[in-house]
Structures are given as C-alpha cells and as structure tokens.
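Encoded as structure tokens, the structure appears first; notes follow it.
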Amino acid sequence: MSMKSFPRPSDLPVPAGAEGWERIYPYYLVFQDSLKEIEDEKFWFCDSQHWPTVFKPFETIGGEFAVKCLGQYNARHLMIPNANGIDFRIHQGYLYMSPIPVPEDQIEARLPEFQARIGHYFANWEPLLEQWKTKVRGTIDEIEALDFSKLPDMVPMDDILSGKAKDGSERLLENFDRLIQLAYQNWQYHFEFLNLGYIAYLDFFNYCKEIFPDIPDQSIATMVQGVDMELFRPDDELKQLATTAVELGLQAAFDNTDDAEATLEAIAAADGGTAWLAQWEKAQDPWFNFTTGNGFYAHDEYWKENFSIPLGFIADYIRRLDEGQTIMRPTEALIEEKERIVSEYRDLLDDEQGATFEAKRHLAATAYPYVENHNFYIEHWTMGVFWRKVRELAATLVEHGVFAETGDFLYLNRNEVRDVLFDLVTAWGVGAPQGPIAPAYWPPIIEERKKIVAALKTARPQPALNTPPEAITEPFTRMLWGITTEQVQSWLEADSDNVTGLRGMAASPGVVEGVARVVMDASQIHEIEQDEILVAPVTAPSWGPIFGKLKATVTDIGGMMSHAAIVCREYALPAVTGTGNASTTIRTGQRLRVDGTRGTVEILDLEDSVPEVSGPGAHSHAHATAAS
C-alpha cells in the first residue's frame with residue numbers, strides 16, 4: 001500500500017501579500033526550482049517545536065547555527081553510525097527539516113570511531129562537563145564585553161600619540177563579526193554533550209525494549225530523569241521568593257506587578273522588604289537570564305530586562321500559597337516512583353542482565369540532565385546577551401541615521417547588516433555630508449519585507465512536506481520531535497472538519513478532564529487560569545511557573561524528550577505531545593479528556609468555543625504584548 005503524501009513545497013498557496021517571500025531569506029535557506037526533483041523526493045517536517053513563529057530575516061541565524069551544529073556532531077565529531085545531520089530549509093517563513101541517513105555500506109566503518117569518541121566522553125563526563133561550563137561562560141563574558149557605541153566626531157588625541165593609526169570604525173565591523181562568531185561558538189558547544197545525552201538514553205531505551213518488549217516508553221524515561229536540574233532553578237528561585245514574601249507579610253506590595261518599579265519601591269518601604277530585596281538581587285545572577293520564549297527570536301523578553309515578568313509570576317505563586325496550594329514540584333514522590341519502577345524491572349533480571357541494566361541506566365541518568373540544563377546556558381543566557389547586543393548595535397545605527405527605528409535591523413540578514421556597517425563607516429570616515437547610502441536604499445525594501453512577514457504569519461505551517469518514508473527510524477527525529485511512522489500517518493488521515501479526538505505521544509501518564517486554554521505563543525501564558533488544560537504548538541522551559549496551575553498539557557509537536565514531556569513528568573501532569581494540529585483543532589473553552597498514558601485527547605464539547613474567562617489570573621501584564 002502506497003503512503004499518502006503531504007503537499008509538495010510548490011503546491012502550497014502563498015498567503016496574500018507574501019508574494020516574493022523567498023527573496024527576504026538567504027538563497028541557501030529556500031527550496032530551489034533547479035533542485036525541485038531532488039527536494040521533492042525528501043520528506044520534510046516542520047520544526048515548530050523550536051521555531052513556532054515566522055522568521056524575520058536576521059532571526060534565521062538561530063536556526064542556521066543550531067541545525068548546522070547539531071548535524072556536525074552526528075556526522076563529523078561523533079561519527080554516529082546510522083545518522084548524519086539534518087538538512088533544513090525555510091518555506092513560507094517556517095523551518096523544515098529532513099534527516100540525512102548514513103548509507104548502509106558506511107555504517108560498519110564508522111562504528112569503531114563512534115565507540116572511541118563517545119567512550120572518551122562517557123569515561124570523563126564530569127571533568128569535561130565542568131570544562132564545558134567554563135567555555136560557555138567565557139563566551140558569554142566575551143559577548144557582554146562587545147562595544148557598539150556611537151562613532152566619535154574625531155579620533156581621540158590618545159590614538160594620535162600612541163601611533164594607533166586607525167580611525168576607530170573598525171570596532172563596529174570587528175565587534176559585529178565577533179558577535180556572530182561567538183554566537184556560533186556557543187552553538188557548537190551546545191551540541192558537544194547534547195547528542196551524547198540522547199545516545200546514552202537511546203542505548204538504555206533500546207536495551208529495555210529488548211529485554212522488556214512491553215515496557216511503556218514513559219517508564220524508561222522515568223527511570224533516568226533527574227529532579228534537580230539547573231533548568232528548573234529560575235522557577236525555583238521565584239517560588240522561594242514568593243514563599244519569603246508570604247512569610248514576611250509582603251503580599252499587598254504585589255497588587256500591580258505591571259509597574260515593576262512601583263512594586264519594588266513598595267517592597268522596600270515595607271517591614272521586611274530589605275531582606276526580601278536582598279534575596280531578589282541574589283537570585284538575578286545568573287537565573288534571571290531567562291526568557292518567556294525560547295531564545296530564538298528578537299522579540300523574546302527576558303526577566304533581567306523586564307522585572308514585571310518574574311514579579312508577575314511571583315504574585316501568582318503568592319496567590320496560590322495564600323489559597324493553601326502547594327507550589328513546589330513533588331520531588332520526593334517523583335524520586336519514590338522512579339525508585340519503584342527501577343526496582344520493579346531490575347528484580348525481573350538475573351545477575352548478568354541486572355548488571356548490564358544498571359550500567360546502562362546509570363550512564364543515561366548521568367548524561368540525561370544535560371539534555372535540559374544546556375538550555376539555560378545557551379538558548380536563554382547566551383541568546384539573551386546576544387539579542388541585547390543586537391539591540392545596542394541597532395540603536396547605534398538609528399543614532400547614526402541608518403535606520404528609522406531599531407526593529408528595522410531585523411529585516412536584513414546578517415550578511416546585509418555587514419554591508420550596511422561598511423556603508424556607515426565609509427561615509428563617517430570620509431566625512432560625507434549626506435551620510436551613508438543606506439537611508440536612501442533600504443526603507444522601501446524594509447517596508448516590503450515587513451508586509452511579507454506579516455502576511456506569512458496569517459497562515460499556519462504544514463506539519464510536513466512530500467511523501468513520508470514507509471518507516472521513520474532516525475532516532476533523534478523520533479525521540480525529540482516525536483516524528484514517528486504512526487504519528488505521521490495520523491496527521492495524514494486527520495479530518496480537520498470533523499475531529500472528535502487526537503492522538504499523539506504518550507509523554508507523561510495520567511488521565512484528566514478539564515477546560516482547554518489554547519496558547520499560540522509566550523505572550524498569552526498570563527491568560528492561563530487555574531486547573532485548565534494547556535494546548536499549544538509547543539511549550540518552552542521558561543513556562544515553568546504556569547505548570548503548577550495546569551491539569552494537563554497537549555502540544556502539536558514533541559517527543560518523549562521534548563520540553564513539554566520532561567516538565568510535565570516533573571510536575572506529575574498528564575501530557576500528550578506530537579498531536580500535529582491540536583492548537584488549531586481545539587478551541588479555548590472546550591472540555592477535553594487527556595489520557596497521557598495512552599496518548600489520546602478527546603474533545604468532549606464540540607460546540608463553539610466558550611468566551612474568554614475573566615478572573616484573578618486573567619489580568620493583562622505589560623510584558624504580554626503580541627509577538628511582532
């Protein structure tokens with residue numbers, strides 16, 4: 001039986017107003033007519049897990065660096081026997097991926113290299129991981145030190161006396177190049193350990209499936225998952241601050257956290273406020289280098305730069321504490337359940353099998369925390385500093401009259417920005433009275449690109465393109481994105497006009513019923529009410545503060561190792577990931593039954609969506625502006 005197919009790239013209608021969208025991205029990121037026969041033969045899936053929003057031209061840098069660096073560790077560093085990297089294209093503003101297999105006749109030759117290389121890492125895991133943190137923090141410090149201030153009216157006298165013989169404009173050019181290089185550097189570091197974490201988990205996973213053919217995937221994940229990971233630390237800091245605020249009787253100071261300055265002033269004036277503020281200051285470094293998004297977009301807002309965000313989360317934790325709720329993750333219960341499952345399966349094995357089981361499980365449990373912890377250091381901390389430096393450079397370009405507003409910068413790709421910088425320093429260096437050429441050249445192009453990006457945002461991406469293979473075997477695709485043979489088939493068979501239920505990955509066990517809250521991006525998470533079921537294209541680790549309010553989570557994309565799956569298991573919440581189209585099928589207000597044990601979502605109420613709920617948790621925040 002032949003497989004059904006998704007649309008080909010050329011079959012998709014272009015949203016009105018987005019004609020010519022291909023021209024706003026670098027040539028190497030879009031499908032080419034001359035390669036149509038080759039590219040139409042490949043199966044591409046949309047990675048809306050990491051890139052759920054249309055790219056502005058400069059923002060493609062995150063996708064380019066991340067996917068390139070992921071692939072280099074498979075194909076060039078670790079020499080994974082059966083998996084090279086992932087080919088990628090941007091189509092109508094969204095990122096599509098196609099795993100590249102290793103030819104059958106090359107697999108055996110890669111095996112000795114693979115074993116030697118991963119053996120080195122696993123034998124020296126702890127010291128190498130400490131070395132990794134030093135490298136990453138050093139890169140962050142270098143980015144922080146980059147200077148993009150305005151060019152002076154004349155070369156300082158000190159430069160004349162020292163014989164420097166430069167005009168200072170090289171600073172902007174060199175620092176821009178260095179900014180790009182340092183971001184690329186930390187993305188290479190990002191994947192140094194990530195693929196190893198997946199490899200260790202997959203080795204244990206495959207062994208468990210071999211000796212326990214009927215073992216649920218969730219049980220395997222539970223046996224290696226940690227409960228004290230650094231990625232949860234920002235959220236834990238907020239919980240501790242909320243607990244301290246209640247103990248000190250500071251609740252009244254948190255009535256209007258939209259005004260962060262007034263809130264902090266009210267705390268400072270209250271009895272016990274000084275002690276709380278000391279704890280607040282201590283928590284910021286480094287844990288407030290955290291975004292409500294995922295770090296890949298310039299519009300992502302960071303706690304460190306907008307205190308209304310963490311203060312708003314603290315206020316909600318205070319409310320929940322005053323209502324008698326428990327806000328801490330059930331870590332003791334999670335550890336007990338983990339130990340119970342480990343013991344249950346280990347007792348079924350003889351001594352030799354048990355030793356192998358424990359060795360593989362220990363390795364996976366050692367490597368597993370990196371799968372989440374790296375996210376804080378790279379996506380949040382590194383990218384937070386990166387985007388701040390981008391805004392500093394953009395502000396300088398506005399000050400020099402190159403752009404009308406800082407946001408215009410994002411509608412040029414990084415290679416075009418380099419040309420603009422040379423245009424600026426040339427005009428400045430020669431004292432051209434008209435200034436750089438950019439203001440005469442770029443405005444109509446930028447306006448056209450703004451309209452194209454806005455038009456692209458009116459259409460949701462196809463979950464996949466072209467004909468899928470008979471079986472999807474690439475391990476990372478299955479585990480991280482939840483792209484399995486069965487899931488792809490369910491996407492193809494879905495009838496969006498008559499949907500009563502959805503199927504996805506059984507990511508975190510349990511069965512609940514509740515009201516849906518559809519959240520399309522981070523700007524809407526403040527709308528979530530107590531005991532609702534979150535339905536989203538994808539969740540980000542930074543959404544941690546809202547998980548304690550939820551009954552369950554349903555996402556469009558994501559596998560057993562996706563952020564939604566991991567965080568929901570940490571909070572003992574049912575989760576179904578990788579449904580394909582839950583966020584566009586389900587409406588806010590509909591009642592759902594979510595079965596995270598079987599991976600099903602049933603829509604109990606097929607009537608029109610219920611009007612938006614108002615209440616204590618539904619107030620708007622200053623930081624909750626629509627992504628632009």
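Each chain in the structure tokens gets a letter, A, B and so on, in the order shown; residues start at 1 in every chain, and ligands are counted from 1 in the order they appear.
Within the 10 Å cut-off around Asp316 (chain A), using only C-alpha atoms and omitting residues fewer than 3 positions from it on the same chain, the listed residues are Lys239, Ala242, Phe254, Pro310, Leu311, Gly312, Phe313, Arg319, Arg320, Leu321, Asp322, His526, Pro545, Ile546, Lys549, Pro616 and Gly617 of chain A.
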Every residue of region 166-307 of chain A that DSSP places in alpha helix (DSSP H), as a PyMOL selection string: chain A and resi 170-211+217-224+233-247+260-269+273-287
Kindly provide the residues of region 475-530 of chain A that approach region 295-307 of chain A to within 12 Å, each paired with its closest atom pair and their distance in Å to one decimal, based on only C-alpha atoms, listed by chain and increasing number, as a tab-separated table.
```
residue	atom	partner	partner_atom	distance
A:Asp521	CA	A:Asp300	CA	10.3
A:Ala522	CA	A:Asp300	CA	8.4
A:Ser523	CA	A:Asp300	CA	9.1
```
Using only C-alpha atoms, which of the listed residues (A:Ala540, A:Ala459, A:Val518, A:Ala75) sits closest to Leu12 (chain A)?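 So, comparing all the options, the nearest one is A:Ala459.
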Would you mind telling me which residue in A:Val519, A:Val594, A:Val390, A:Leu465 lies nearest to Glu41 (chain A) when using only C-alpha atoms?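 Smallest separation from Glu41 (chain A) among the options: A:Leu465.
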Counting only C-alpha atoms, which residue out of A:Gln92, A:Gln284, A:Gln279, A:Asn413 sits closest to Glu22 (chain A)?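 Nearest candidate to Glu22 (chain A) out of A:Gln92, A:Gln284, A:Gln279, A:Asn413: A:Gln92.
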CA of Glu19 (chain A) to CA of Trp442 (chain A), distance in Å rounded to a single decimal: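 Between these atoms lies a distance of 18.9 Å.
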Closest atom pairs, region 62-124 of chain A residues within 12 Å of region 367-378 of chain A, only C-alpha atoms, as a Markdown table:
```
| residue | atom | partner | partner_atom | distance |
| --- | --- | --- | --- | --- |
| A:Gly62 | CA | A:Ile378 | CA | 10.9 |
| A:Phe65 | CA | A:Ile378 | CA | 11.9 |
| A:Ala66 | CA | A:Ile378 | CA | 10.4 |
| A:Ile118 | CA | A:Ala367 | CA | 11.7 |
| A:Tyr121 | CA | A:Ala367 | CA | 10.2 |
| A:Phe122 | CA | A:Ala367 | CA | 8.3 |
| A:Ala123 | CA | A:Ala367 | CA | 11.5 |
| A:Asn124 | CA | A:Ala367 | CA | 11.4 |
```
Any chance you could export the current selection's N, CA, C and O atoms as a JSON list (two decimals), in the first residue's frame?
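Generated file (part03.json):
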```json
[["chain", "number", "residue", "atom", "x", "y", "z"],
["A", 62, "GLY", "N", 19.57, 31.82, 14.34],
["A", 62, "GLY", "CA", 19.40, 30.77, 15.34],
["A", 62, "GLY", "C", 19.16, 29.41, 14.72],
["A", 62, "GLY", "O", 19.75, 28.41, 15.12],
["A", 65, "PHE", "N", 22.51, 28.21, 12.83],
["A", 65, "PHE", "CA", 23.59, 27.74, 13.71],
["A", 65, "PHE", "C", 23.19, 26.47, 14.45],
["A", 65, "PHE", "O", 23.99, 25.54, 14.58],
["A", 66, "ALA", "N", 21.97, 26.42, 14.95],
["A", 66, "ALA", "CA", 21.54, 25.27, 15.75],
["A", 66, "ALA", "C", 21.54, 23.99, 14.93],
["A", 66, "ALA", "O", 22.09, 22.97, 15.33],
["A", 118, "ILE", "N", 32.72, 8.41, 21.80],
["A", 118, "ILE", "CA", 31.77, 8.50, 22.92],
["A", 118, "ILE", "C", 32.37, 7.90, 24.17],
["A", 118, "ILE", "O", 32.06, 8.32, 25.29],
["A", 121, "TYR", "N", 34.19, 10.59, 26.08],
["A", 121, "TYR", "CA", 33.29, 11.48, 26.81],
["A", 121, "TYR", "C", 32.67, 10.80, 28.02],
["A", 121, "TYR", "O", 32.64, 11.37, 29.12],
["A", 122, "PHE", "N", 32.15, 9.61, 27.85],
["A", 122, "PHE", "CA", 31.47, 8.95, 28.96],
["A", 122, "PHE", "C", 32.44, 8.58, 30.09],
["A", 122, "PHE", "O", 32.06, 8.56, 31.26],
["A", 123, "ALA", "N", 33.70, 8.31, 29.75],
["A", 123, "ALA", "CA", 34.69, 7.97, 30.78],
["A", 123, "ALA", "C", 35.15, 9.20, 31.56],
["A", 123, "ALA", "O", 35.68, 9.07, 32.67],
["A", 124, "ASN", "N", 34.96, 10.38, 30.97],
["A", 124, "ASN", "CA", 35.44, 11.62, 31.60],
["A", 124, "ASN", "C", 34.31, 12.66, 31.71],
["A", 124, "ASN", "O", 34.56, 13.86, 31.61]]
```
What does the structure give for the distance between CA of Glu230 (chain A) and CA of His190 (chain A), in Å to one decimal? 15.1 Å
